[in-house]
>>> print(open('final39.txt').read())   # compact mmCIF, C-alpha atoms and all ligand atoms
# COMPACT_ATOMS: atom_id res chain seq x y z
CA MET A 1 73.18 112.69 66.96
CA ALA A 2 70.22 110.51 66.03
CA ALA A 3 70.43 109.42 62.39
CA SER A 4 66.77 108.34 62.47
CA ASP A 5 64.23 107.51 65.17
CA SER A 6 65.58 103.99 65.43
CA THR A 7 69.29 104.44 64.72
CA VAL A 8 72.01 106.51 66.31
CA THR A 9 75.41 107.50 64.96
CA ASN A 10 78.08 105.88 67.10
CA LYS A 11 81.72 106.89 67.38
CA SER A 12 84.22 104.34 68.72
CA TRP A 13 87.96 104.39 69.39
CA PHE A 14 89.96 101.49 67.94
CA LEU A 15 93.62 100.65 68.37
CA LYS A 16 95.18 100.24 64.90
CA GLU A 17 98.29 98.40 66.14
CA TYR A 18 99.90 97.56 69.45
CA PRO A 19 102.25 100.28 70.70
CA LYS A 20 105.93 99.85 71.52
CA GLY A 21 107.00 102.03 74.41
CA LEU A 22 104.83 105.06 75.16
CA PRO A 23 101.68 104.83 72.96
CA GLN A 24 101.33 107.48 70.25
CA GLU A 25 98.03 109.17 69.37
CA SER A 26 98.47 108.09 65.73
CA LEU A 27 97.86 104.46 66.79
CA PHE A 28 94.26 105.27 67.78
CA GLU A 29 91.43 105.74 65.27
CA LEU A 30 87.91 107.12 65.81
CA ARG A 31 85.42 105.31 63.59
CA GLU A 32 81.76 106.11 62.94
CA SER A 33 78.97 103.57 62.57
CA GLN A 34 75.18 103.40 62.71
CA LEU A 35 73.56 101.53 65.55
CA SER A 36 69.94 100.45 65.79
CA THR A 37 68.18 101.36 69.02
CA LYS A 38 65.55 98.68 68.36
CA LEU A 39 66.64 95.51 70.10
CA ASP A 40 65.38 92.03 69.27
CA GLU A 41 62.80 90.93 71.79
CA GLY A 42 64.11 87.98 73.74
CA SER A 43 67.73 88.89 73.01
CA ASP A 44 68.23 90.22 76.58
CA ASP A 45 70.53 92.86 75.05
CA VAL A 46 70.90 96.35 76.51
CA LEU A 47 71.93 99.51 74.66
CA VAL A 48 73.82 101.95 76.87
CA LYS A 49 74.79 105.57 76.28
CA VAL A 50 78.26 106.08 77.76
CA LEU A 51 78.50 108.98 80.24
CA TYR A 52 81.94 108.54 81.89
CA LEU A 53 84.86 106.32 80.95
CA SER A 54 87.54 105.28 83.39
CA LEU A 55 91.11 105.38 82.08
CA ASP A 56 93.49 103.17 84.05
CA PRO A 57 97.17 102.21 83.86
CA TYR A 58 96.37 98.47 83.48
CA MET A 59 95.00 99.27 80.02
CA ARG A 60 98.59 99.69 78.82
CA GLY A 61 99.11 95.98 79.55
CA ARG A 62 96.06 95.19 77.41
CA MET A 63 97.65 97.05 74.47
CA LYS A 64 99.81 93.99 73.80
CA ALA A 65 98.81 91.02 71.65
CA GLY A 66 99.06 88.62 74.58
CA GLY A 67 97.78 91.02 77.23
CA SER A 68 99.56 91.63 80.52
CA GLY A 69 99.48 88.15 82.02
CA TYR A 70 96.40 89.01 84.10
CA ALA A 71 94.34 91.06 81.63
CA GLN A 72 93.53 89.93 78.11
CA GLY A 73 94.99 91.86 75.17
CA PHE A 74 92.61 94.32 73.44
CA SER A 75 91.26 93.07 70.13
CA LEU A 76 92.27 95.34 67.24
CA ALA A 77 88.96 94.45 65.58
CA LYS A 78 86.77 95.83 68.36
CA PRO A 79 86.45 99.19 70.12
CA LEU A 80 88.69 99.69 73.16
CA VAL A 81 86.84 98.87 76.38
CA GLY A 82 87.05 99.74 80.04
CA GLY A 83 85.12 100.47 83.19
CA ALA A 84 82.41 103.03 82.48
CA VAL A 85 79.09 104.38 83.68
CA GLY A 86 76.21 105.01 81.36
CA VAL A 87 72.46 105.26 81.01
CA VAL A 88 70.23 102.66 79.41
CA VAL A 89 68.83 103.87 76.06
CA SER A 90 66.86 100.74 75.22
CA SER A 91 66.56 97.33 76.77
CA ALA A 92 65.33 93.90 75.85
CA ASN A 93 66.37 92.69 79.27
CA SER A 94 63.90 92.56 82.15
CA LYS A 95 66.63 93.54 84.64
CA PHE A 96 67.18 96.95 83.03
CA LYS A 97 64.88 99.67 81.77
CA GLU A 98 65.37 102.85 79.79
CA GLY A 99 66.86 105.60 81.98
CA ASP A 100 68.62 103.27 84.46
CA PHE A 101 72.17 104.27 85.37
CA VAL A 102 74.56 101.35 85.00
CA LEU A 103 78.19 100.44 85.63
CA GLY A 104 80.03 97.93 83.48
CA SER A 105 82.66 97.26 80.89
CA LEU A 106 81.73 99.58 78.02
CA GLY A 107 83.49 100.73 74.88
CA TRP A 108 85.52 103.89 74.39
CA GLU A 109 82.51 105.08 72.42
CA LEU A 110 79.23 106.99 72.53
CA PHE A 111 76.98 103.91 72.75
CA THR A 112 77.67 100.28 73.64
CA LEU A 113 75.40 97.37 72.86
CA VAL A 114 75.85 94.99 75.79
CA PRO A 115 74.91 91.43 74.78
CA LYS A 116 72.49 89.99 77.35
CA GLY A 117 73.35 92.92 79.64
CA GLN A 118 76.41 90.91 80.68
CA GLY A 119 78.43 92.48 83.48
CA LEU A 120 76.10 95.48 83.84
CA ARG A 121 75.23 96.57 87.35
CA PRO A 122 72.59 99.16 88.22
CA ILE A 123 73.77 102.24 90.13
CA ASP A 124 71.77 104.27 92.59
CA PRO A 125 73.88 107.46 92.74
CA LYS A 126 72.22 108.72 95.97
CA GLY A 127 73.14 112.27 95.04
CA LEU A 128 76.79 111.45 94.29
CA PRO A 129 78.37 112.14 90.89
CA LEU A 130 78.18 109.08 88.65
CA SER A 131 81.91 109.27 87.95
CA TYR A 132 82.60 108.45 91.64
CA PHE A 133 81.50 104.88 90.86
CA LEU A 134 84.60 104.54 88.67
CA GLY A 135 86.92 105.85 91.37
CA VAL A 136 86.49 106.38 95.09
CA LEU A 137 83.32 104.23 95.23
CA GLY A 138 84.41 101.93 92.43
CA MET A 139 87.34 99.85 91.24
CA THR A 140 90.16 102.14 92.32
CA GLY A 141 88.67 102.85 95.76
CA LEU A 142 88.19 99.13 96.35
CA THR A 143 91.78 98.50 95.27
CA ALA A 144 93.05 100.96 97.86
CA TYR A 145 90.76 99.63 100.59
CA CYS A 146 91.50 95.92 100.08
CA GLY A 147 95.22 96.22 99.34
CA LEU A 148 95.84 98.46 102.33
CA PHE A 149 93.60 96.78 104.89
CA ASP A 150 94.19 93.16 103.91
CA ILE A 151 97.90 93.12 103.05
CA GLY A 152 99.23 96.40 104.47
CA ASP A 153 97.26 96.17 107.74
CA PRO A 154 98.56 99.49 109.14
CA LYS A 155 98.60 100.00 112.91
CA GLU A 156 98.28 103.25 114.79
CA GLY A 157 101.56 105.17 114.81
CA GLU A 158 103.17 103.09 112.05
CA THR A 159 104.67 104.79 108.99
CA VAL A 160 102.81 104.14 105.74
CA TYR A 161 104.51 105.28 102.54
CA VAL A 162 102.56 105.55 99.26
CA SER A 163 103.99 106.12 95.76
CA ALA A 164 101.90 107.70 92.95
CA ALA A 165 100.21 109.05 96.07
CA SER A 166 97.94 111.68 94.51
CA GLY A 167 96.51 109.35 91.85
CA ALA A 168 93.27 107.40 91.78
CA VAL A 169 94.38 104.63 94.14
CA GLY A 170 97.10 106.54 96.03
CA GLN A 171 94.92 109.40 97.27
CA ILE A 172 92.50 106.92 98.87
CA VAL A 173 95.26 104.74 100.36
CA GLY A 174 96.83 107.69 102.16
CA GLN A 175 93.54 108.88 103.62
CA LEU A 176 92.53 105.38 104.73
CA ALA A 177 95.89 105.00 106.45
CA LYS A 178 95.29 108.34 108.24
CA ILE A 179 91.89 107.05 109.40
CA LYS A 180 93.75 104.08 110.94
CA GLY A 181 96.02 106.49 112.84
CA ALA A 182 99.18 105.91 110.78
CA HIS A 183 101.87 108.48 109.97
CA VAL A 184 101.43 108.86 106.22
CA VAL A 185 104.06 109.88 103.70
CA GLY A 186 103.49 110.17 99.95
CA SER A 187 105.45 110.91 96.82
CA ALA A 188 104.24 112.30 93.51
CA GLY A 189 105.72 113.78 90.36
CA SER A 190 105.02 117.53 90.56
CA ALA A 191 104.87 120.44 93.00
CA GLU A 192 101.11 120.75 92.36
CA LYS A 193 100.58 117.11 93.36
CA VAL A 194 102.72 117.53 96.49
CA GLU A 195 100.55 120.50 97.50
CA LEU A 196 97.47 118.36 97.01
CA LEU A 197 98.93 115.58 99.17
CA LYS A 198 99.69 117.94 102.03
CA ASN A 199 96.76 120.35 101.89
CA THR A 200 93.83 118.33 100.58
CA PHE A 201 94.60 114.73 101.46
CA LYS A 202 96.40 115.74 104.69
CA TYR A 203 99.43 113.50 104.25
CA ASP A 204 101.88 114.12 107.12
CA GLU A 205 104.78 114.43 104.66
CA ALA A 206 105.01 114.55 100.88
CA PHE A 207 107.76 115.02 98.34
CA ASN A 208 108.35 115.25 94.59
CA TYR A 209 110.39 112.16 93.73
CA LYS A 210 111.59 113.83 90.52
CA ASP A 211 113.46 116.41 92.63
CA GLU A 212 115.30 113.69 94.56
CA PRO A 213 118.50 112.40 92.95
CA ASP A 214 118.88 109.79 95.74
CA LEU A 215 115.52 108.13 96.53
CA SER A 216 116.89 106.14 99.45
CA ALA A 217 118.23 109.31 101.08
CA ALA A 218 114.86 111.01 100.46
CA LEU A 219 112.99 108.19 102.19
CA LYS A 220 115.43 108.35 105.13
CA LYS A 221 114.60 112.05 105.42
CA TYR A 222 110.80 111.79 105.05
CA CYS A 223 110.36 108.51 106.94
CA PRO A 224 112.90 108.90 109.77
CA LYS A 225 111.39 106.00 111.74
CA GLY A 226 111.58 103.69 108.72
CA ILE A 227 108.69 102.31 106.64
CA ASP A 228 106.22 99.82 108.10
CA VAL A 229 103.85 99.66 105.13
CA TYR A 230 104.74 100.55 101.54
CA PHE A 231 101.79 100.70 99.13
CA GLU A 232 103.56 99.93 95.87
CA ASN A 233 102.23 101.62 92.75
CA VAL A 234 105.34 102.28 90.68
CA GLY A 235 108.10 99.63 91.05
CA GLY A 236 111.65 100.09 89.73
CA SER A 237 114.13 102.25 91.63
CA MET A 238 111.43 103.36 94.11
CA LEU A 239 110.94 99.79 95.29
CA GLU A 240 114.71 99.38 95.67
CA ALA A 241 114.84 102.52 97.84
CA VAL A 242 111.93 101.28 99.97
CA LEU A 243 113.61 97.91 100.60
CA GLN A 244 116.59 99.83 102.01
CA ASN A 245 114.34 101.86 104.33
CA ALA A 246 111.80 99.24 105.37
CA ASN A 247 111.48 98.22 109.01
CA THR A 248 111.55 94.65 110.28
CA HIS A 249 108.21 92.97 109.52
CA ALA A 250 107.24 95.65 107.00
CA ARG A 251 104.36 94.85 104.63
CA ILE A 252 104.35 95.73 100.94
CA PRO A 253 101.02 95.37 99.10
CA VAL A 254 102.15 95.28 95.45
CA CYS A 255 99.34 97.01 93.63
CA GLY A 256 101.09 98.13 90.45
CA MET A 257 104.43 98.96 88.85
CA ILE A 258 103.61 101.72 86.40
CA SER A 259 107.28 102.60 85.82
CA GLN A 260 107.57 99.27 83.97
CA TYR A 261 104.46 99.35 81.77
CA ASN A 262 106.02 100.98 78.70
CA LEU A 263 109.21 98.91 78.83
CA GLU A 264 109.59 96.01 76.43
CA GLU A 265 111.50 94.16 79.15
CA GLY A 266 110.97 94.92 82.83
CA GLU A 267 113.91 96.04 85.00
CA GLY A 268 115.33 93.84 87.74
CA ILE A 269 115.15 94.81 91.42
CA HIS A 270 118.25 95.06 93.61
CA GLY A 271 118.12 94.42 97.33
CA LEU A 272 115.47 91.70 97.47
CA ILE A 273 117.65 90.03 100.09
CA GLN A 274 116.15 92.59 102.50
CA LEU A 275 112.97 90.50 102.39
CA ILE A 276 114.84 87.88 104.39
CA ALA A 277 116.89 90.13 106.63
CA LYS A 278 113.85 92.22 107.60
CA ARG A 279 111.20 89.46 107.26
CA ILE A 280 109.24 91.70 104.90
CA LYS A 281 105.91 90.48 103.54
CA MET A 282 105.59 91.56 99.91
CA GLN A 283 102.40 90.41 98.21
CA GLY A 284 100.89 91.20 94.84
CA PHE A 285 97.13 91.38 94.49
CA LEU A 286 94.37 92.05 91.98
CA VAL A 287 91.25 93.92 93.00
CA GLY A 288 89.24 91.24 91.19
CA ASP A 289 90.31 88.71 93.83
CA TYR A 290 88.34 90.62 96.45
CA MET A 291 84.99 90.97 94.71
CA THR A 292 83.21 88.47 96.96
CA SER A 293 85.29 89.10 100.09
CA PRO A 294 84.02 90.59 103.38
CA LEU A 295 86.13 93.68 102.59
CA ALA A 296 84.18 94.25 99.36
CA LYS A 297 81.00 94.15 101.45
CA SER A 298 82.15 96.71 104.03
CA PHE A 299 83.80 98.98 101.43
CA PRO A 300 80.77 100.92 100.04
CA ASP A 301 79.31 101.80 103.45
CA ASP A 302 82.67 102.67 105.01
CA VAL A 303 83.87 104.84 102.16
CA SER A 304 80.51 106.60 101.58
CA LYS A 305 80.40 107.40 105.29
CA TRP A 306 83.96 108.76 105.33
CA LEU A 307 83.23 110.82 102.22
CA LYS A 308 80.15 112.32 103.90
CA GLU A 309 82.08 113.01 107.10
CA GLY A 310 84.83 114.73 105.10
CA LYS A 311 87.42 112.18 106.28
CA ILE A 312 88.05 111.31 102.64
CA LYS A 313 88.47 114.02 100.00
CA TYR A 314 88.33 112.95 96.40
CA VAL A 315 89.93 114.65 93.42
CA GLU A 316 89.17 113.76 89.83
CA ASP A 317 90.83 114.82 86.62
CA VAL A 318 88.00 115.06 84.08
CA SER A 319 88.99 114.98 80.42
CA GLU A 320 86.27 116.50 78.25
CA GLY A 321 84.76 114.57 75.35
CA LEU A 322 85.21 111.12 73.82
CA GLU A 323 87.69 112.62 71.34
CA SER A 324 90.10 113.35 74.22
CA ALA A 325 90.41 109.72 75.40
CA PRO A 326 93.67 108.65 73.68
CA GLN A 327 95.52 111.84 74.59
CA ALA A 328 94.28 111.62 78.19
CA PHE A 329 95.38 107.97 78.42
CA ILE A 330 98.84 108.75 77.08
CA GLY A 331 99.02 111.61 79.60
CA LEU A 332 98.20 109.18 82.43
CA LEU A 333 101.31 107.18 81.57
CA GLN A 334 103.36 110.39 81.80
CA GLY A 335 101.88 111.68 85.06
CA HIS A 336 99.80 114.45 83.50
CA ASN A 337 96.65 113.50 85.44
CA VAL A 338 96.01 115.14 88.79
CA GLY A 339 93.69 112.76 90.63
CA LYS A 340 91.52 110.00 89.21
CA LEU A 341 91.35 110.28 85.42
CA VAL A 342 87.93 109.93 83.79
CA VAL A 343 86.61 110.98 80.40
CA HIS A 344 83.32 112.86 80.41
CA VAL A 345 81.60 111.52 77.30
CA ALA A 346 78.02 112.75 77.67
CA ASP A 347 75.48 114.18 80.10
CA ASP A 348 72.19 112.92 81.38
CA GLU A 349 69.93 115.56 82.88
CA ARG A 350 68.95 113.28 85.78
CA ALA A 351 72.52 112.56 86.85
CA PRO A 352 73.84 114.35 89.96
CA LYS A 353 76.37 116.99 88.93
CA ALA A 354 80.07 116.28 89.37
CA LYS A 355 81.83 118.32 92.02
CA GLN A 356 85.45 118.75 93.04
CA GLU A 357 86.65 118.62 96.61
CA GLU A 358 88.51 121.67 97.84
N1 LIG B 401 96.28 95.48 91.48
C1 LIG B 401 95.14 96.01 91.07
O1 LIG B 401 94.08 95.37 91.09
C2 LIG B 401 95.14 97.43 90.60
C3 LIG B 401 93.94 98.14 90.41
C4 LIG B 401 94.01 99.50 90.04
C5 LIG B 401 95.26 100.11 89.86
N2 LIG B 401 96.39 99.37 90.01
C6 LIG B 401 97.72 99.97 89.86
O2 LIG B 401 97.81 101.04 90.78
C7 LIG B 401 98.74 102.01 90.30
C8 LIG B 401 98.09 103.38 90.33
O3 LIG B 401 96.98 103.37 89.43
P1 LIG B 401 95.97 104.59 89.40
O4 LIG B 401 94.78 104.15 88.64
O5 LIG B 401 95.82 105.11 90.76
O6 LIG B 401 96.75 105.62 88.49
P2 LIG B 401 97.13 107.12 88.87
O7 LIG B 401 98.05 107.07 90.05
O8 LIG B 401 95.90 107.93 88.96
O9 LIG B 401 97.92 107.59 87.58
C9 LIG B 401 99.15 107.05 87.28
C10 LIG B 401 100.26 107.87 87.95
O10 LIG B 401 101.42 107.08 87.97
C11 LIG B 401 102.55 107.93 88.01
N3 LIG B 401 103.54 107.49 87.04
C12 LIG B 401 103.41 107.42 85.71
N4 LIG B 401 104.56 106.96 85.15
C13 LIG B 401 105.41 106.75 86.17
C14 LIG B 401 106.74 106.28 86.24
N5 LIG B 401 107.43 105.94 85.15
N6 LIG B 401 107.32 106.20 87.46
C15 LIG B 401 106.64 106.55 88.56
N7 LIG B 401 105.36 106.99 88.55
C16 LIG B 401 104.76 107.09 87.37
C17 LIG B 401 102.06 109.34 87.65
O11 LIG B 401 102.01 110.10 88.84
P3 LIG B 401 103.28 110.96 89.34
O12 LIG B 401 103.14 112.30 88.71
O13 LIG B 401 103.12 110.97 90.80
O14 LIG B 401 104.50 110.24 88.84
C18 LIG B 401 100.66 109.09 87.14
O15 LIG B 401 99.83 110.20 87.38
C19 LIG B 401 99.14 101.55 88.89
O16 LIG B 401 100.37 100.87 88.97
C20 LIG B 401 98.02 100.59 88.51
O17 LIG B 401 98.43 99.66 87.55
C21 LIG B 401 96.34 98.05 90.37
>>> encode(input="final39.txt", output="structure tokens")
Amino acid sequence: MAASDSTVTNKSWFLKEYPKGLPQESLFELRESQLSTKLDEGSDDVLVKVLYLSLDPYMRGRMKAGGSGYAQGFSLAKPLVGGAVGVVVSSANSKFKEGDFVLGSLGWELFTLVPKGQGLRPIDPKGLPLSYFLGVLGMTGLTAYCGLFDIGDPKEGETVYVSAASGAVGQIVGQLAKIKGAHVVGSAGSAEKVELLKNTFKYDEAFNYKDEPDLSAALKKYCPKGIDVYFENVGGSMLEAVLQNANTHARIPVCGMISQYNLEEGEGIHGLIQLIAKRIKMQGFLVGDYMTSPLAKSFPDDVSKWLKEGKIKYVEDVSEGLESAPQAFIGLLQGHNVGKLVVHVADDERAPKAKQEE
């Protein structure tokens, strides 16, 4: 890999043009470049070797010139970027030294030069796989924790329904709701995912929404007491069916609407009048809003403890190699991932080994 003692060969994924509809692999291009590992003293820059990349649905919104309204559009002139963990290769920054594990916004590439170390945070893995800091102990875990506890606020015995329930956010939401004593129902898009929901994540009920011609009838069947909290991940016809089956004073944390992300124009929603009739609280949120909140403070200790106690199981879908990133991302938008999707880019011999929950 090293081109000389002081340069490395980098490979970076670029987007050639913004996709329309489902992105195609031909729109992505892997480019090679040489990168110096010698950093200017006083620059405060940090060179990071990327180990794991997080692939997330919101990135589809960034594949538009104007972005998604809450996330800036990707530049076509720069490598694609996202949440990632890596190891410091060289540093001109007193806060980081060679060999430190770090979390930050890194490129879809082998190495990222981070100007002034901006946004980098050191990680102490404490024996846990580094990739967990992109999921259950990272952005998607925090999303589940804050959205459910702040907006959903489930009470013992209430019915909590989660869509995209086996995914990165969904799997954590369901298990947190179980910890709070709720009756938890989830839907997902394959028989394998439904098995996972029932047997690994211990959802009380789970169904494959693709097998259900009438979603409202399905929810009536699987949530016979009605829905008190709906953790919204998908939008569209699922939201319409939930509005029909929601109880009075139901809460709907609106986390995402993945069914809309590839559409040029979003669909409308029928039945919003139920918000009035049933006094439903429906609130959108961004995980970024919670970064300095008390919930963000209690999150790492709570979730690490529940992981250790086995109250939370965590399933990842690891795509091998930087080359696989575009295909894995396109698969995410089609439901091919089973669990939290990460790309394994490189190893570091000091990193705790990844493991899968049974
Ligand atoms: N608000 C925030 O701050 C925030 C932060 C993180 C994530 N999110 C949102 O949370 C949601 C889940 O994200 P995630 O990272 O956990 O992803 P994920 O659930 O791990 O993966 C996406 C899943 O969405 C489902 N899906 C894809 N296309 C769909 C469609 N047309 N209709 C219904 N389901 C579809 C697929 O599962 P099935 O096989 O089950 O269909 C797919 O596996 C997304 O909407 C995302 O944008 C929001």
>>> residues_near_ligand(input="final39.txt", ligand="ligand LIG 401 (chain B)", cutoff="6 Å", atoms="all atoms listed in the file", output="VMD selection string")
chain A and resid 56 to 58 140 143 164 167 to 170 188 to 190 233 to 234 255 to 259 285 to 287 332 to 337 339 to 340
>>> write_last_selection(input="final39.txt", atoms="C-alpha atoms", output="PDB file, in the frame of the given file")
ATOM      1  CA  ASP A  56      93.490 103.170  84.050  1.00  0.00           C
ATOM      2  CA  PRO A  57      97.170 102.210  83.860  1.00  0.00           C
ATOM      3  CA  TYR A  58      96.370  98.470  83.480  1.00  0.00           C
ATOM      4  CA  THR A 140      90.160 102.140  92.320  1.00  0.00           C
ATOM      5  CA  THR A 143      91.780  98.500  95.270  1.00  0.00           C
ATOM      6  CA  ALA A 164     101.900 107.700  92.950  1.00  0.00           C
ATOM      7  CA  GLY A 167      96.510 109.350  91.850  1.00  0.00           C
ATOM      8  CA  ALA A 168      93.270 107.400  91.780  1.00  0.00           C
ATOM      9  CA  VAL A 169      94.380 104.630  94.140  1.00  0.00           C
ATOM     10  CA  GLY A 170      97.100 106.540  96.030  1.00  0.00           C
ATOM     11  CA  ALA A 188     104.240 112.300  93.510  1.00  0.00           C
ATOM     12  CA  GLY A 189     105.720 113.780  90.360  1.00  0.00           C
ATOM     13  CA  SER A 190     105.020 117.530  90.560  1.00  0.00           C
ATOM     14  CA  ASN A 233     102.230 101.620  92.750  1.00  0.00           C
ATOM     15  CA  VAL A 234     105.340 102.280  90.680  1.00  0.00           C
ATOM     16  CA  CYS A 255      99.340  97.010  93.630  1.00  0.00           C
ATOM     17  CA  GLY A 256     101.090  98.130  90.450  1.00  0.00           C
ATOM     18  CA  MET A 257     104.430  98.960  88.850  1.00  0.00           C
ATOM     19  CA  ILE A 258     103.610 101.720  86.400  1.00  0.00           C
ATOM     20  CA  SER A 259     107.280 102.600  85.820  1.00  0.00           C
ATOM     21  CA  PHE A 285      97.130  91.380  94.490  1.00  0.00           C
ATOM     22  CA  LEU A 286      94.370  92.050  91.980  1.00  0.00           C
ATOM     23  CA  VAL A 287      91.250  93.920  93.000  1.00  0.00           C
ATOM     24  CA  LEU A 332      98.200 109.180  82.430  1.00  0.00           C
ATOM     25  CA  LEU A 333     101.310 107.180  81.570  1.00  0.00           C
ATOM     26  CA  GLN A 334     103.360 110.390  81.800  1.00  0.00           C
ATOM     27  CA  GLY A 335     101.880 111.680  85.060  1.00  0.00           C
ATOM     28  CA  HIS A 336      99.800 114.450  83.500  1.00  0.00           C
ATOM     29  CA  ASN A 337      96.650 113.500  85.440  1.00  0.00           C
ATOM     30  CA  GLY A 339      93.690 112.760  90.630  1.00  0.00           C
ATOM     31  CA  LYS A 340      91.520 110.000  89.210  1.00  0.00           C
TER      32      LYS A 340
END
>>> residues_around(input="final39.txt", residues="Gly186 (chain A)", least_positions_apart="5", cutoff="8 Å", atoms="all atoms listed in the file", output="tab-separated table (two decimals) with C-alpha atoms, keeping the file's coordinate frame")
chain	number	residue	atom	x	y	z
A	161	TYR	CA	104.51	105.28	102.54
A	162	VAL	CA	102.56	105.55	99.26
A	163	SER	CA	103.99	106.12	95.76
A	164	ALA	CA	101.90	107.70	92.95
A	165	ALA	CA	100.21	109.05	96.07
A	166	SER	CA	97.94	111.68	94.51
A	174	GLY	CA	96.83	107.69	102.16
A	197	LEU	CA	98.93	115.58	99.17
A	203	TYR	CA	99.43	113.50	104.25
A	205	GLU	CA	104.78	114.43	104.66
A	206	ALA	CA	105.01	114.55	100.88
A	207	PHE	CA	107.76	115.02	98.34
>>> residues_around(input="final39.txt", residues="Val81 (chain A)", least_positions_apart="3", cutoff="7 Å", atoms="all atoms listed in the file", output="PyMOL selection string")
chain A and resi 105-108
>>> atom_distance(input="final39.txt", atom1="CA of Val46 (chain A)", atom2="CA of Val88 (chain A)")
7.0 Å
>>> closest_residue(input="final39.txt", among="A:Val315, A:Ile151, A:Leu215, A:Ile172", to="Ile280 (chain A)", atoms="all atoms listed in the file")
A:Ile151
>>> closest_residue(input="final39.txt", among="A:Leu22, A:Ala191, A:Val87, A:Met59", to="Val338 (chain A)", atoms="all atoms listed in the file")
A:Ala191
>>> atom_distance(input="final39.txt", atom1="CA of Tyr230 (chain A)", atom2="CA of Ala246 (chain A)")
8.1 Å
>>> residues_around(input="final39.txt", residues="region 217-225 of chain A", least_positions_apart="3", cutoff="12 Å", atoms="all atoms listed in the file", output="ChimeraX atom specification")
/A:157-163,183-187,203-214,228-230,238-248
>>> atom_distance(input="final39.txt", atom1="CA of Tyr18 (chain A)", atom2="CA of Glu109 (chain A)")
19.2 Å
>>> closest_residue(input="final39.txt", among="A:Pro19, A:Gly236, A:Pro129, A:Pro122", to="Lys97 (chain A)", atoms="all atoms listed in the file")
A:Pro122
>>> closest_residue(input="final39.txt", among="A:Val136, A:Tyr145, A:Glu265, A:Gly73", to="Ser293 (chain A)", atoms="only C-alpha atoms")
A:Tyr145
>>> residues_around(input="final39.txt", residues="Asp44 (chain A)", least_positions_apart="2", cutoff="7 Å", atoms="only C-alpha atoms", output="list in words")
Gly42, Val46, Ala92, Asn93, Lys116 and Gly117 of chain A
>>> closest_residue(input="final39.txt", among="A:Ala177, A:Val102, A:Leu130, A:Leu47", to="Val114 (chain A)", atoms="only C-alpha atoms")
A:Leu47
>>> closest_residue(input="final39.txt", among="A:His344, A:Lys11, A:Lys308, A:Lys126", to="Ser54 (chain A)", atoms="all atoms listed in the file")
A:His344
>>> residues_near_point(input="final39.txt", point="(84.9, 101.1, 94.9)", cutoff="10 Å", atoms="only C-alpha atoms", output="PyMOL selection string")
chain A and resi 132-146+287+296+299-300+303-304
>>> residues_around(input="final39.txt", residues="Glu17 (chain A)", least_positions_apart="6", cutoff="10 Å", atoms="only C-alpha atoms", output="list in words")
Pro23, Ser26, Leu27, Phe28, Met63, Lys64, Ala65, Ser75 and Leu76 of chain A
